[in-house]
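Notes to accompany the following structure.
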There are 2 protein chains.
Amino acid sequence: MDNRPIGVFDSGLGGLTAVRELMDLLPNESIVYLGDTGRVPYGTRSKETILKYARQDINFLNTFDLKAILIACGTITTNGLDMIQKEYPLPILGVAEPAARAAAAATRNGRIGLIATQASIRSGLYERIIRAESPQTEIFSVPCPLFVSLVEAGHYAKGDPMVKLAAEEYLTSLQEQKIDTLILGCTHYPLLSDAIEDFFGPAVTLINSGAQGALTFREMLAQKDLLADPQQVSATYQYYVTDRTEQFSRLAAVFLGRPVSGLVEQVVIDQ
Amino acid sequence: MDNRPIGVFDSGLGGLTAVRELMDLLPNESIVYLGDTGRVPYGTRSKETILKYARQDINFLNTFDLKAILIACGTITTNGLDMIQKEYPLPILGVAEPAARAAAAATRNGRIGLIATQASIRSGLYERIIRAESPQTEIFSVPCPLFVSLVEAGHYAKGDPMVKLAAEEYLTSLQEQKIDTLILGCTHYPLLSDAIEDFFGPAVTLINSGAQGALTFREMLAQKDLLADPQQVSATYQYYVTDRTEQFSRLAAVFLGRPVSGLVEQVVIDQ
């Protein structure tokens, strides 16, 4: 048993889709969330920049007494998880490996699609994990630079004409490749699930990387005997952002699927 | 006469639309450009964050021996020009005042539209300048958070369906208000000029803030006797960015309206 909170972070708000899953899976766990909203998006940036920002994110989270950290961001996971795990003593998990394994297990025809940021796709990490599991599987990757901007601008509904156009632009080649499984490789994308399902129809299984990451995170906590004692603690939530809290509060409830309860505070982490 | 280069900076690539005008207006002036592509966009961020980033931008530019600086960014100009001018000894101009004055001079019916980032509109600077010139003028402001993302993702052509939808979303209320003049308050927006003209038709005059800023900048250099000696120098161009240069080089030619010639280098400015 370990009653200390867990840390979760992302470049912005997308990681809250993983927090949502954690709240459902682990209702007794307290969570300290950091969204680097002052520097979002990470997905168009270089590996070096992403790593620099990720270390500053973790250094901030480490000012709390945490038992473990979930990197709820596809871009950070794919560009730095291996290095970061070596640099910090506490358990740190990401969202890419759980999603890649789930996709490898889910595909029937061996044709998996991956949508993610440019930086995530450039890393090649999803391909490496899937090929290690099943070498015959084919992976088709498409960077979707507008999806994050659309979601953050409030465009994510299934019938939204701009979302439909973006879906057509990004997903048509995947449809032509006859994928049967699609990894949502960025934690912003679950908000677009309805629109993506609407595009593909029921033949394509969507893999939510934040949800898969949360499942694997729970397993890890259980294995290491780090779960909180439900008799002793009730969960508390703290949200930290690196830019104005107004912007965060407006959208956070949509990502969380419930009202924001708990502290929301702006912090400086880049010094 | 002063043969030292001028400095120009922006949160990203948008400022290159001002550089393009400077190159046409002042073909003998050497230019050092900084695009903070590692932290773009600024327009959704708080005033404090924008000011912090702007000071780091200028501190980097000041490592060169410059004669003057043009802030080729509506967001930085509206959120920090007054403070920044007090903090640095060299002449620093922005793009908001020139654009606001040009709009006040251009309107026939006293109804001006302003499209810009959220931070620019929040500042209220354009309204204050226009009202000081002509108190009866009405200003209608609309933040356009998706325009920058669309342009950076290569969506800016007049017939682009996503651009058309965004234009309808952002510009319909301005059309209903019967504006006859529209300030493009962000230096990314000139790339959308064709699409915006297509939406409004010829009845609305577009004011390009980068171009107006470049005109005023030339006047200031002439007044202070800071123009380069055309007999002595030929212009050189240096471009610095805070993220990968590949991303920059791909789009910069579109913004500049000509191929990129000169050094392009990635630098660290946030330390």
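Ordering of the structure tokens sets the chain letters (A, B, ...), residue numbers begin anew at 1 in every chain, and ligands are numbered from 1 in the order given.
Neighbouring residues of Glu197 (chain A) at 12 Å or closer, counting only C-alpha atoms and skipping chain neighbours under 5 positions away, are Ala157, Lys158, Gly159, Lys164, Ala167, Leu171, Gln175, Asp180, Thr181, Leu182, Leu184, Tyr189, Pro190, Leu191, Leu192, Pro202, Ala203, Val204, Thr205, Leu206 and Ile207 of chain A.
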Compute the set of chain A residues within 8 Å of chain B, using only C-alpha atoms, and express it as a PyMOL selection string. chain A and resi 38-40+45-46+49+145-146+149-150+153+161-162+165-166+243-244+271
Any chance you can output those residues with N, CA and C atoms as a short mmCIF file (atom, residue, chain, number, x, y, z; two decimals), in the first residue's frame?
data_model
loop_
_atom_site.label_atom_id
_atom_site.label_comp_id
_atom_site.auth_asym_id
_atom_site.auth_seq_id
_atom_site.Cartn_x
_atom_site.Cartn_y
_atom_site.Cartn_z
N GLY A 38 1.52 26.43 -21.40
CA GLY A 38 2.30 27.57 -21.88
C GLY A 38 3.16 27.23 -23.08
N ARG A 39 3.35 25.94 -23.36
CA ARG A 39 4.22 25.55 -24.48
C ARG A 39 3.58 24.51 -25.39
N VAL A 40 2.31 24.18 -25.13
CA VAL A 40 1.60 23.26 -26.03
C VAL A 40 1.56 23.89 -27.42
N ARG A 45 7.43 19.71 -32.51
CA ARG A 45 8.77 20.14 -32.12
C ARG A 45 9.80 19.01 -32.28
N SER A 46 11.07 19.40 -32.13
CA SER A 46 12.15 18.42 -32.29
C SER A 46 12.25 17.55 -31.04
N THR A 49 13.91 19.40 -28.11
CA THR A 49 13.01 20.34 -27.44
C THR A 49 12.01 19.58 -26.58
N PRO A 145 -1.60 16.98 -37.94
CA PRO A 145 -1.24 18.20 -37.21
C PRO A 145 -2.43 19.07 -36.82
N LEU A 146 -3.55 19.00 -37.53
CA LEU A 146 -4.67 19.89 -37.21
C LEU A 146 -5.59 19.34 -36.12
N SER A 149 -5.27 21.18 -32.72
CA SER A 149 -5.76 22.56 -32.80
C SER A 149 -7.28 22.58 -32.89
N LEU A 150 -7.86 21.67 -33.67
CA LEU A 150 -9.32 21.63 -33.80
C LEU A 150 -9.96 21.35 -32.44
N ALA A 153 -9.81 24.21 -30.14
CA ALA A 153 -10.70 25.30 -30.56
C ALA A 153 -12.17 24.89 -30.44
N PRO A 161 -18.44 20.18 -39.47
CA PRO A 161 -17.94 20.08 -40.85
C PRO A 161 -16.42 20.16 -40.94
N MET A 162 -15.79 20.96 -40.06
CA MET A 162 -14.33 21.06 -40.14
C MET A 162 -13.67 19.75 -39.69
N LEU A 165 -13.92 17.31 -42.57
CA LEU A 165 -12.90 17.56 -43.61
C LEU A 165 -11.53 17.07 -43.16
N ALA A 166 -11.18 17.36 -41.91
CA ALA A 166 -9.87 16.92 -41.40
C ALA A 166 -9.82 15.39 -41.37
N ASP A 243 0.09 28.13 -18.15
CA ASP A 243 -0.48 29.38 -18.66
C ASP A 243 -1.79 29.64 -17.92
N ARG A 244 -2.57 30.55 -18.41
CA ARG A 244 -3.77 30.99 -17.70
C ARG A 244 -4.68 29.83 -17.33
N GLN A 271 12.51 27.17 -15.38
CA GLN A 271 13.68 27.89 -14.89
C GLN A 271 14.67 26.99 -14.19
#
Using only C-alpha atoms, which protein or nucleic acid residues come within 8 Å of Leu93 (chain B)? Drop anything in the same chain fewer than 6 positions from it, and give the result as a PyMOL selection string. chain B and resi 69-71+81+213+217
Could you dump the residues just selected with C-alpha atoms as a PDB file, in the first residue's frame?
ATOM      1  CA  ILE B  69      13.911  46.105 -34.178  1.00  0.00           C
ATOM      2  CA  LEU B  70      10.502  45.442 -35.715  1.00  0.00           C
ATOM      3  CA  ILE B  71       8.158  43.263 -33.661  1.00  0.00           C
ATOM      4  CA  LEU B  81       5.328  46.940 -26.961  1.00  0.00           C
ATOM      5  CA  GLY B 213       4.440  47.914 -39.830  1.00  0.00           C
ATOM      6  CA  PHE B 217       9.496  51.139 -39.852  1.00  0.00           C
TER       7      PHE B 217
END
Those in region 36-233 of chain A with strand (DSSP E) from DSSP, as a CSV table (one decimal) with N, CA and C atoms, in the first residue's frame:
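Result saved to part-v4.csv:
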chain,number,residue,atom,x,y,z
A,68,ALA,N,4.5,7.4,-8.3
A,68,ALA,CA,4.8,7.0,-9.7
A,68,ALA,C,4.2,8.1,-10.6
A,69,ILE,N,4.7,8.1,-11.9
A,69,ILE,CA,4.2,9.1,-12.9
A,69,ILE,C,3.8,8.4,-14.1
A,70,LEU,N,2.7,8.9,-14.7
A,70,LEU,CA,2.2,8.5,-16.0
A,70,LEU,C,2.4,9.6,-17.0
A,71,ILE,N,3.2,9.4,-18.0
A,71,ILE,CA,3.3,10.4,-19.1
A,71,ILE,C,2.1,10.2,-20.0
A,92,ILE,N,8.1,5.3,-13.9
A,92,ILE,CA,7.5,6.2,-14.9
A,92,ILE,C,7.0,5.4,-16.1
A,93,LEU,N,5.7,5.5,-16.4
A,93,LEU,CA,5.2,4.8,-17.6
A,93,LEU,C,4.7,5.7,-18.6
A,111,ARG,N,-3.4,-5.4,-40.2
A,111,ARG,CA,-3.2,-4.1,-40.8
A,111,ARG,C,-3.7,-3.0,-39.8
A,112,ILE,N,-2.7,-2.3,-39.2
A,112,ILE,CA,-3.0,-1.4,-38.1
A,112,ILE,C,-2.7,0.0,-38.6
A,113,GLY,N,-3.6,1.0,-38.3
A,113,GLY,CA,-3.3,2.4,-38.6
A,113,GLY,C,-2.9,3.1,-37.4
A,114,LEU,N,-2.0,4.1,-37.5
A,114,LEU,CA,-1.6,4.9,-36.4
A,114,LEU,C,-1.8,6.4,-36.8
A,115,ILE,N,-2.6,7.1,-36.0
A,115,ILE,CA,-2.6,8.6,-36.1
A,115,ILE,C,-2.0,9.2,-34.9
A,116,ALA,N,-1.2,10.2,-35.1
A,116,ALA,CA,-0.4,10.8,-34.0
A,116,ALA,C,0.2,12.1,-34.5
A,138,GLU,N,1.4,-5.1,-40.6
A,138,GLU,CA,1.7,-3.9,-41.3
A,138,GLU,C,1.1,-2.7,-40.6
A,139,ILE,N,1.9,-1.6,-40.5
A,139,ILE,CA,1.5,-0.4,-39.8
A,139,ILE,C,1.5,0.8,-40.8
A,140,PHE,N,0.4,1.5,-40.8
A,140,PHE,CA,0.3,2.7,-41.7
A,140,PHE,C,0.1,3.9,-40.8
A,141,SER,N,1.1,4.9,-40.9
A,141,SER,CA,1.1,6.0,-40.0
A,141,SER,C,0.7,7.3,-40.8
A,142,VAL,N,-0.1,8.1,-40.1
A,142,VAL,CA,-0.5,9.4,-40.7
A,142,VAL,C,-0.4,10.5,-39.6
A,143,PRO,N,0.5,11.5,-39.8
A,143,PRO,CA,0.5,12.6,-38.8
A,143,PRO,C,-0.7,13.5,-39.1
A,181,THR,N,-7.7,-1.8,-37.3
A,181,THR,CA,-7.4,-1.3,-36.0
A,181,THR,C,-6.7,0.0,-36.1
A,182,LEU,N,-7.1,1.0,-35.3
A,182,LEU,CA,-6.5,2.3,-35.4
A,182,LEU,C,-6.1,2.8,-34.0
A,183,ILE,N,-4.8,3.1,-33.9
A,183,ILE,CA,-4.2,3.6,-32.6
A,183,ILE,C,-4.4,5.1,-32.6
A,184,LEU,N,-5.2,5.6,-31.6
A,184,LEU,CA,-5.3,7.1,-31.4
A,184,LEU,C,-4.0,7.4,-30.6
A,205,THR,N,-11.5,-1.0,-35.2
A,205,THR,CA,-11.4,-0.9,-33.7
A,205,THR,C,-10.5,0.3,-33.3
A,206,LEU,N,-11.0,1.2,-32.5
A,206,LEU,CA,-10.1,2.3,-32.1
A,206,LEU,C,-9.4,2.0,-30.8
A,207,ILE,N,-8.1,2.2,-30.7
A,207,ILE,CA,-7.3,2.0,-29.5
A,207,ILE,C,-7.0,3.4,-28.9
A,208,ASN,N,-7.5,3.6,-27.7
A,208,ASN,CA,-7.3,4.9,-27.0
A,208,ASN,C,-6.1,4.8,-26.1
Alpha helix (DSSP H) per DSSP on the backbone: members of region 16-249 of chain A, as a ChimeraX atom specification: /A:16-25,47-61,74-87,96-106,118-123,125-133,145-152,161-176,193-200,209-223,245-249
Which polymer residues have any atom within 10 Å of an atom of Ala105 (chain A), counting only C-alpha atoms, with same-chain residues fewer than 6 positions away left out, as a VMD selection string? chain A and resid 99 130 133 to 134 181
Selection above as a file: N, CA and C atoms, as a PDB file, in the first residue's frame:
ATOM      1  N   ALA A  99      -0.615   1.024 -25.808  1.00  0.00           N
ATOM      2  CA  ALA A  99      -1.495   1.163 -26.980  1.00  0.00           C
ATOM      3  C   ALA A  99      -1.024   0.264 -28.117  1.00  0.00           C
ATOM      4  N   ILE A 130       5.169  -2.974 -32.148  1.00  0.00           N
ATOM      5  CA  ILE A 130       4.226  -3.895 -32.804  1.00  0.00           C
ATOM      6  C   ILE A 130       4.986  -4.982 -33.567  1.00  0.00           C
ATOM      7  N   GLU A 133       6.229  -7.689 -31.431  1.00  0.00           N
ATOM      8  CA  GLU A 133       5.155  -8.607 -31.013  1.00  0.00           C
ATOM      9  C   GLU A 133       4.749  -9.520 -32.168  1.00  0.00           C
ATOM     10  N   SER A 134       4.550  -8.918 -33.342  1.00  0.00           N
ATOM     11  CA  SER A 134       4.076  -9.707 -34.489  1.00  0.00           C
ATOM     12  C   SER A 134       4.704  -9.126 -35.755  1.00  0.00           C
ATOM     13  N   THR A 181      -7.732  -1.813 -37.329  1.00  0.00           N
ATOM     14  CA  THR A 181      -7.440  -1.321 -35.982  1.00  0.00           C
ATOM     15  C   THR A 181      -6.725   0.020 -36.124  1.00  0.00           C
TER      16      THR A 181
END
Need to verify the contact set: Arg4 (chain A), 8 Å, only C-alpha atoms, exclusion of same-chain residues closer than 4 positions in sequence. Can you return it as a list in words? Ser30, Asp65, Leu66, Lys67 and Ala228 of chain A
Expected file: the selected residues, N, CA and C atoms, as a PDB file, in the first residue's frame:
ATOM      1  N   SER A  30      -5.114   9.634  -5.427  1.00  0.00           N
ATOM      2  CA  SER A  30      -4.981  11.082  -5.593  1.00  0.00           C
ATOM      3  C   SER A  30      -4.062  11.362  -6.774  1.00  0.00           C
ATOM      4  N   ASP A  65       5.610  14.667  -3.326  1.00  0.00           N
ATOM      5  CA  ASP A  65       6.071  13.328  -2.928  1.00  0.00           C
ATOM      6  C   ASP A  65       5.173  12.306  -3.633  1.00  0.00           C
ATOM      7  N   LEU A  66       5.570  11.928  -4.853  1.00  0.00           N
ATOM      8  CA  LEU A  66       4.750  11.044  -5.681  1.00  0.00           C
ATOM      9  C   LEU A  66       5.258   9.616  -5.618  1.00  0.00           C
ATOM     10  N   LYS A  67       4.355   8.670  -5.862  1.00  0.00           N
ATOM     11  CA  LYS A  67       4.791   7.270  -5.874  1.00  0.00           C
ATOM     12  C   LYS A  67       5.106   6.771  -7.288  1.00  0.00           C
ATOM     13  N   ALA A 228      -3.248   2.684  -3.345  1.00  0.00           N
ATOM     14  CA  ALA A 228      -3.655   3.364  -2.110  1.00  0.00           C
ATOM     15  C   ALA A 228      -4.595   2.471  -1.316  1.00  0.00           C
TER      16      ALA A 228
END
Could you jot down the CA of Gly124 (chain A) to CA of Gly15 (chain A) separation for me, Å, one decimal place? 21.1 Å
Pick from A:Ser209, A:Gly154, A:Gly110, A:Leu61 nearest to Val254 (chain A), counting only C-alpha atoms: A:Gly154
